[in-house]
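Raw contents of my_file.csv, CSV, C-alpha atoms and all ligand atoms:
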```csv
chain,number,residue,atom,x,y,z
A,1,MET,CA,-109.3,-16.5,109.5
A,2,LYS,CA,-110.8,-19.9,108.9
A,3,SER,CA,-107.4,-21.5,108.7
A,4,LEU,CA,-106.4,-19.9,112.0
A,5,THR,CA,-109.5,-21.4,113.6
A,6,LEU,CA,-108.6,-24.7,112.1
A,7,PHE,CA,-105.0,-24.3,113.3
A,8,SER,CA,-106.0,-23.6,116.9
A,9,PHE,CA,-108.4,-26.5,116.8
A,10,ILE,CA,-105.5,-28.8,115.7
A,11,LEU,CA,-103.2,-27.3,118.3
A,12,PHE,CA,-105.9,-27.7,121.0
A,13,SER,CA,-106.6,-31.3,120.1
A,14,PHE,CA,-102.9,-32.1,120.0
A,15,PHE,CA,-102.3,-30.8,123.5
A,16,GLY,CA,-105.6,-32.2,124.7
A,17,PHE,CA,-104.5,-35.6,123.4
A,18,SER,CA,-101.0,-35.4,124.8
A,19,SER,CA,-102.2,-34.5,128.3
A,20,ALA,CA,-104.6,-37.4,128.1
A,21,GLN,CA,-101.7,-39.6,127.1
A,22,ALA,CA,-99.7,-38.5,130.1
A,23,GLN,CA,-102.4,-39.8,132.5
A,24,THR,CA,-102.9,-43.2,131.0
A,25,LYS,CA,-104.6,-45.7,133.2
A,26,GLU,CA,-102.1,-48.5,133.7
A,27,LYS,CA,-103.0,-52.0,134.8
A,28,THR,CA,-100.4,-54.5,136.0
A,29,THR,CA,-99.9,-57.5,138.1
A,30,ILE,CA,-97.3,-57.6,141.0
A,31,LYS,CA,-96.3,-60.6,143.0
A,32,VAL,CA,-96.7,-60.0,146.7
A,33,TRP,CA,-95.9,-62.5,149.4
A,34,GLY,CA,-98.6,-63.1,152.1
A,35,ASN,CA,-101.0,-65.5,153.7
A,36,CYS,CA,-104.6,-64.6,154.5
A,37,GLY,CA,-107.5,-62.2,154.4
A,38,MET,CA,-105.9,-59.9,156.9
A,39,CYS,CA,-102.8,-59.7,154.7
A,40,LYS,CA,-105.1,-58.9,151.7
A,41,LYS,CA,-106.5,-55.9,153.5
A,42,THR,CA,-103.1,-54.5,154.5
A,43,ILE,CA,-101.6,-55.1,151.0
A,44,GLU,CA,-104.6,-53.5,149.2
A,45,ALA,CA,-104.7,-50.6,151.6
A,46,ALA,CA,-101.0,-49.9,151.1
A,47,ALA,CA,-101.4,-50.0,147.3
A,48,LYS,CA,-104.2,-47.5,147.5
A,49,ASP,CA,-102.3,-45.2,149.9
A,50,ALA,CA,-99.6,-45.2,147.3
A,51,GLY,CA,-102.0,-43.9,144.7
A,52,ALA,CA,-103.5,-47.1,143.1
A,53,LYS,CA,-107.1,-46.7,141.9
A,54,LYS,CA,-107.9,-50.3,142.3
A,55,ALA,CA,-106.1,-53.1,144.1
A,56,ASN,CA,-107.0,-56.7,144.4
A,57,TRP,CA,-104.7,-59.3,145.9
A,58,SER,CA,-105.3,-63.0,145.8
A,59,PRO,CA,-104.1,-65.2,148.7
A,60,GLU,CA,-104.1,-68.2,146.4
A,61,THR,CA,-102.0,-66.8,143.6
A,62,LYS,CA,-100.1,-64.2,145.6
A,63,LEU,CA,-100.7,-61.8,142.8
A,64,LEU,CA,-101.9,-58.2,143.2
A,65,GLN,CA,-103.8,-56.6,140.3
A,66,VAL,CA,-103.5,-52.9,140.4
A,67,THR,CA,-105.0,-50.1,138.3
A,68,TYR,CA,-103.4,-46.7,138.6
A,69,SER,CA,-102.8,-43.5,136.7
A,70,SER,CA,-99.2,-43.1,135.6
A,71,ALA,CA,-99.4,-39.4,136.3
A,72,LYS,CA,-100.1,-40.2,140.0
A,73,THR,CA,-97.9,-43.1,140.9
A,74,ASN,CA,-95.9,-46.1,139.5
A,75,THR,CA,-95.2,-49.7,140.3
A,76,ASP,CA,-92.1,-48.9,142.4
A,77,LYS,CA,-94.0,-46.5,144.6
A,78,ILE,CA,-96.8,-49.0,145.1
A,79,GLN,CA,-94.4,-51.9,145.8
A,80,GLN,CA,-92.4,-49.7,148.3
A,81,ALA,CA,-95.6,-48.9,150.2
A,82,ILE,CA,-96.5,-52.6,150.4
A,83,ALA,CA,-93.0,-53.5,151.5
A,84,GLN,CA,-93.2,-50.8,154.2
A,85,SER,CA,-96.4,-52.4,155.5
A,86,GLY,CA,-94.6,-55.7,156.0
A,87,TYR,CA,-95.0,-57.6,152.7
A,88,ASP,CA,-92.3,-58.7,150.3
A,89,THR,CA,-93.0,-57.8,146.7
A,90,GLN,CA,-91.3,-59.0,143.5
A,91,GLY,CA,-89.1,-55.8,143.5
A,92,PHE,CA,-88.9,-54.8,147.2
A,93,THR,CA,-88.3,-56.6,150.5
A,94,ALA,CA,-90.1,-55.6,153.7
A,95,PRO,CA,-87.9,-54.4,156.5
A,96,ASP,CA,-87.4,-57.2,159.1
A,97,GLU,CA,-88.7,-55.0,162.0
A,98,VAL,CA,-92.0,-54.4,160.1
A,99,TYR,CA,-92.3,-58.1,159.2
A,100,ASN,CA,-91.8,-59.1,162.8
A,101,GLN,CA,-94.7,-56.9,163.9
A,102,LEU,CA,-97.2,-58.8,161.7
A,103,HIS,CA,-99.9,-60.9,163.3
A,104,GLY,CA,-98.8,-64.5,163.8
A,105,CYS,CA,-101.1,-65.7,161.1
A,106,CYS,CA,-99.7,-63.2,158.6
A,107,LYS,CA,-96.1,-64.3,159.1
A,108,TYR,CA,-95.8,-65.7,155.6
A,109,GLU,CA,-92.9,-67.6,154.2
A,110,ARG,CA,-90.6,-64.8,153.0
A,111,LYS,CA,-89.2,-64.3,149.5
A,112,ALA,CA,-86.1,-66.4,149.0
A,113,VAL,CA,-82.9,-64.4,149.2
A,114,THR,CA,-81.2,-64.2,145.8
A,115,GLY,CA,-77.6,-65.2,145.3
A,116,ASN,CA,-77.7,-67.5,148.3
A,117,VAL,CA,-79.1,-70.9,149.2
A,118,PRO,CA,-82.8,-70.1,149.2
A,119,VAL,CA,-83.9,-69.3,152.7
A,120,THR,CA,-87.4,-70.2,153.6
A,121,PRO,CA,-87.8,-69.3,157.3
A,122,LYS,CA,-90.4,-71.3,159.2
A,123,ALA,CA,-93.6,-69.3,159.7
A,124,SER,CA,-94.4,-68.8,163.4
A,125,CYS,CA,-97.7,-70.7,163.1
A,126,CYS,CA,-95.7,-73.8,162.3
A,127,ASP,CA,-94.2,-73.8,165.8
A,128,LYS,CA,-94.9,-77.2,167.4
A,129,GLN,CA,-96.8,-75.7,170.3
A,130,LYS,CA,-99.1,-73.7,168.1
A,131,CYS,CA,-100.2,-76.2,165.5
A,132,GLY,CA,-99.5,-79.3,167.6
A,133,LYS,CA,-97.9,-81.2,164.8
A,134,ASP,CA,-94.4,-82.4,164.1
A,135,GLU,CA,-92.2,-79.9,162.3
A,136,ALA,CA,-91.8,-82.4,159.5
A,137,ALA,CA,-95.5,-82.2,158.9
A,138,CYS,CA,-95.1,-78.4,158.3
A,139,LYS,CA,-92.4,-78.8,155.7
A,140,GLY,CA,-93.4,-77.0,152.5
A,141,THR,CA,-96.9,-76.2,153.6
A,142,GLY,CA,-98.4,-72.8,153.9
A,143,CYS,CA,-99.6,-71.6,157.2
A,144,CYS,CA,-103.0,-70.3,158.1
A,145,LYS,CA,-104.8,-71.4,154.9
A,146,ASP,CA,-108.5,-71.6,155.8
A,147,LYS,CA,-107.4,-70.6,159.3
A,148,HIS,CA,-105.7,-74.0,159.8
A,149,CYS,CA,-102.0,-74.2,160.5
A,150,CYS,CA,-99.8,-76.8,158.9
A,151,LYS,CA,-102.3,-78.9,157.0
A,152,SER,CA,-101.0,-82.4,156.5
B,201,CU,CU,-102.4,-62.6,157.0
```
Structure translated into structure tokens:
Amino acid sequence: MKSLTLFSFILFSFFGFSSAQAQTKEKTTIKVWGNCGMCKKTIEAAAKDAGAKKANWSPETKLLQVTYSSAKTNTDKIQQAIAQSGYDTQGFTAPDEVYNQLHGCCKYERKAVTGNVPVTPKASCCDKQKCGKDEAACKGTGCCKDKHCCKS
């Protein structure tokens, strides 16, 4: 009798342990292209909609730190949701029509297309009439940092 109790205890703890294992809390960092605080809100909201517990994106490093339960979601699902909201991620590219709907300030320089000459489309806030500077002054600069376009 005593051994049976011990056996069921072992069995219980084994299954208790394995079900806990199946729901491990994962923490990872994903590269997400974007510009500003508005992008940050959209990116983090998309990640949370896709099941992430915590999401924190930095406009400076373009890195999104996410915490999620592997039983609930995964990095592909999270990245797909972010791409669907208009932002390119390391694994997924946002549809052009969604990207085009983004606010002018959020039109980040998109992820370079692989296998081709890297394409870095000019962000709309680098348009001459918007920032009042020569296009050459915008070369290689990010737009909308500190709410200023095309810092020279
Ligand atoms: Cu933005």
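Atom CA of A:Tyr68 to atom CA of A:Lys31 spans 16.2 Å [interatomic distance, one decimal].
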Could you list, with a cut-off of 6 Å and counting all atoms listed in the file, the residues of chain A near ligand CU 201 (chain B), each shown with its nearest atom pair and the distance in Å rounded to one decimal, rows sorted by chain and ascending number, as CSV?
```
residue,atom,partner,partner_atom,distance
A:Asn35,CA,B:CU201,CU,4.6
A:Cys36,CA,B:CU201,CU,3.9
A:Gly37,CA,B:CU201,CU,5.7
A:Met38,CA,B:CU201,CU,4.4
A:Cys39,CA,B:CU201,CU,3.7
A:Cys105,CA,B:CU201,CU,5.3
A:Cys106,CA,B:CU201,CU,3.2
```
Could you dump the residues just selected with C-alpha atoms as a PDB file, in the frame of the given file?
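Result file out.pdb:
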```
ATOM      1  CA  ASN A  35    -101.000 -65.500 153.700  1.00  0.00           C
ATOM      2  CA  CYS A  36    -104.600 -64.600 154.500  1.00  0.00           C
ATOM      3  CA  GLY A  37    -107.500 -62.200 154.400  1.00  0.00           C
ATOM      4  CA  MET A  38    -105.900 -59.900 156.900  1.00  0.00           C
ATOM      5  CA  CYS A  39    -102.800 -59.700 154.700  1.00  0.00           C
ATOM      6  CA  CYS A 105    -101.100 -65.700 161.100  1.00  0.00           C
ATOM      7  CA  CYS A 106     -99.700 -63.200 158.600  1.00  0.00           C
TER       8      CYS A 106
END
```
Distance query stretch 43-55 of chain A at most 6 Å, all atoms listed in the file, self and fewer than 5 positions along chain excluded, as a ChimeraX atom specification: /A:65-68,73,78,81-82
A:Lys40, A:Lys25, A:Lys111, A:His103 ranked by distance to A:Lys72, top pick (using all atoms listed in the file):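 Closest residue, counting all atoms listed in the file: A:Lys25.
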Contacts of A:Pro95 at 10 Å (all atoms listed in the file; same-chain gap of 5+ positions) as an NGL selection string: :A and (83-88 or 100)
Atom CA of A:Asn56 to atom CA of A:Asp96, straight-line distance in Å: 24.5 Å
Atomic separation - atom CA of A:Gly34 relative to atom CA of A:Tyr108, Å: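 Computing it gives 5.2 Å between the two atoms.
Nearest residue to A:Thr29 among A:Ser69, A:Gln90, A:Lys77, A:Lys41 is A:Gln90, counting all atoms listed in the file.
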Pick from A:Trp33, A:Leu64, A:Thr42, A:Thr24, whichever lies nearest to A:Thr93 using all atoms listed in the file: A:Trp33
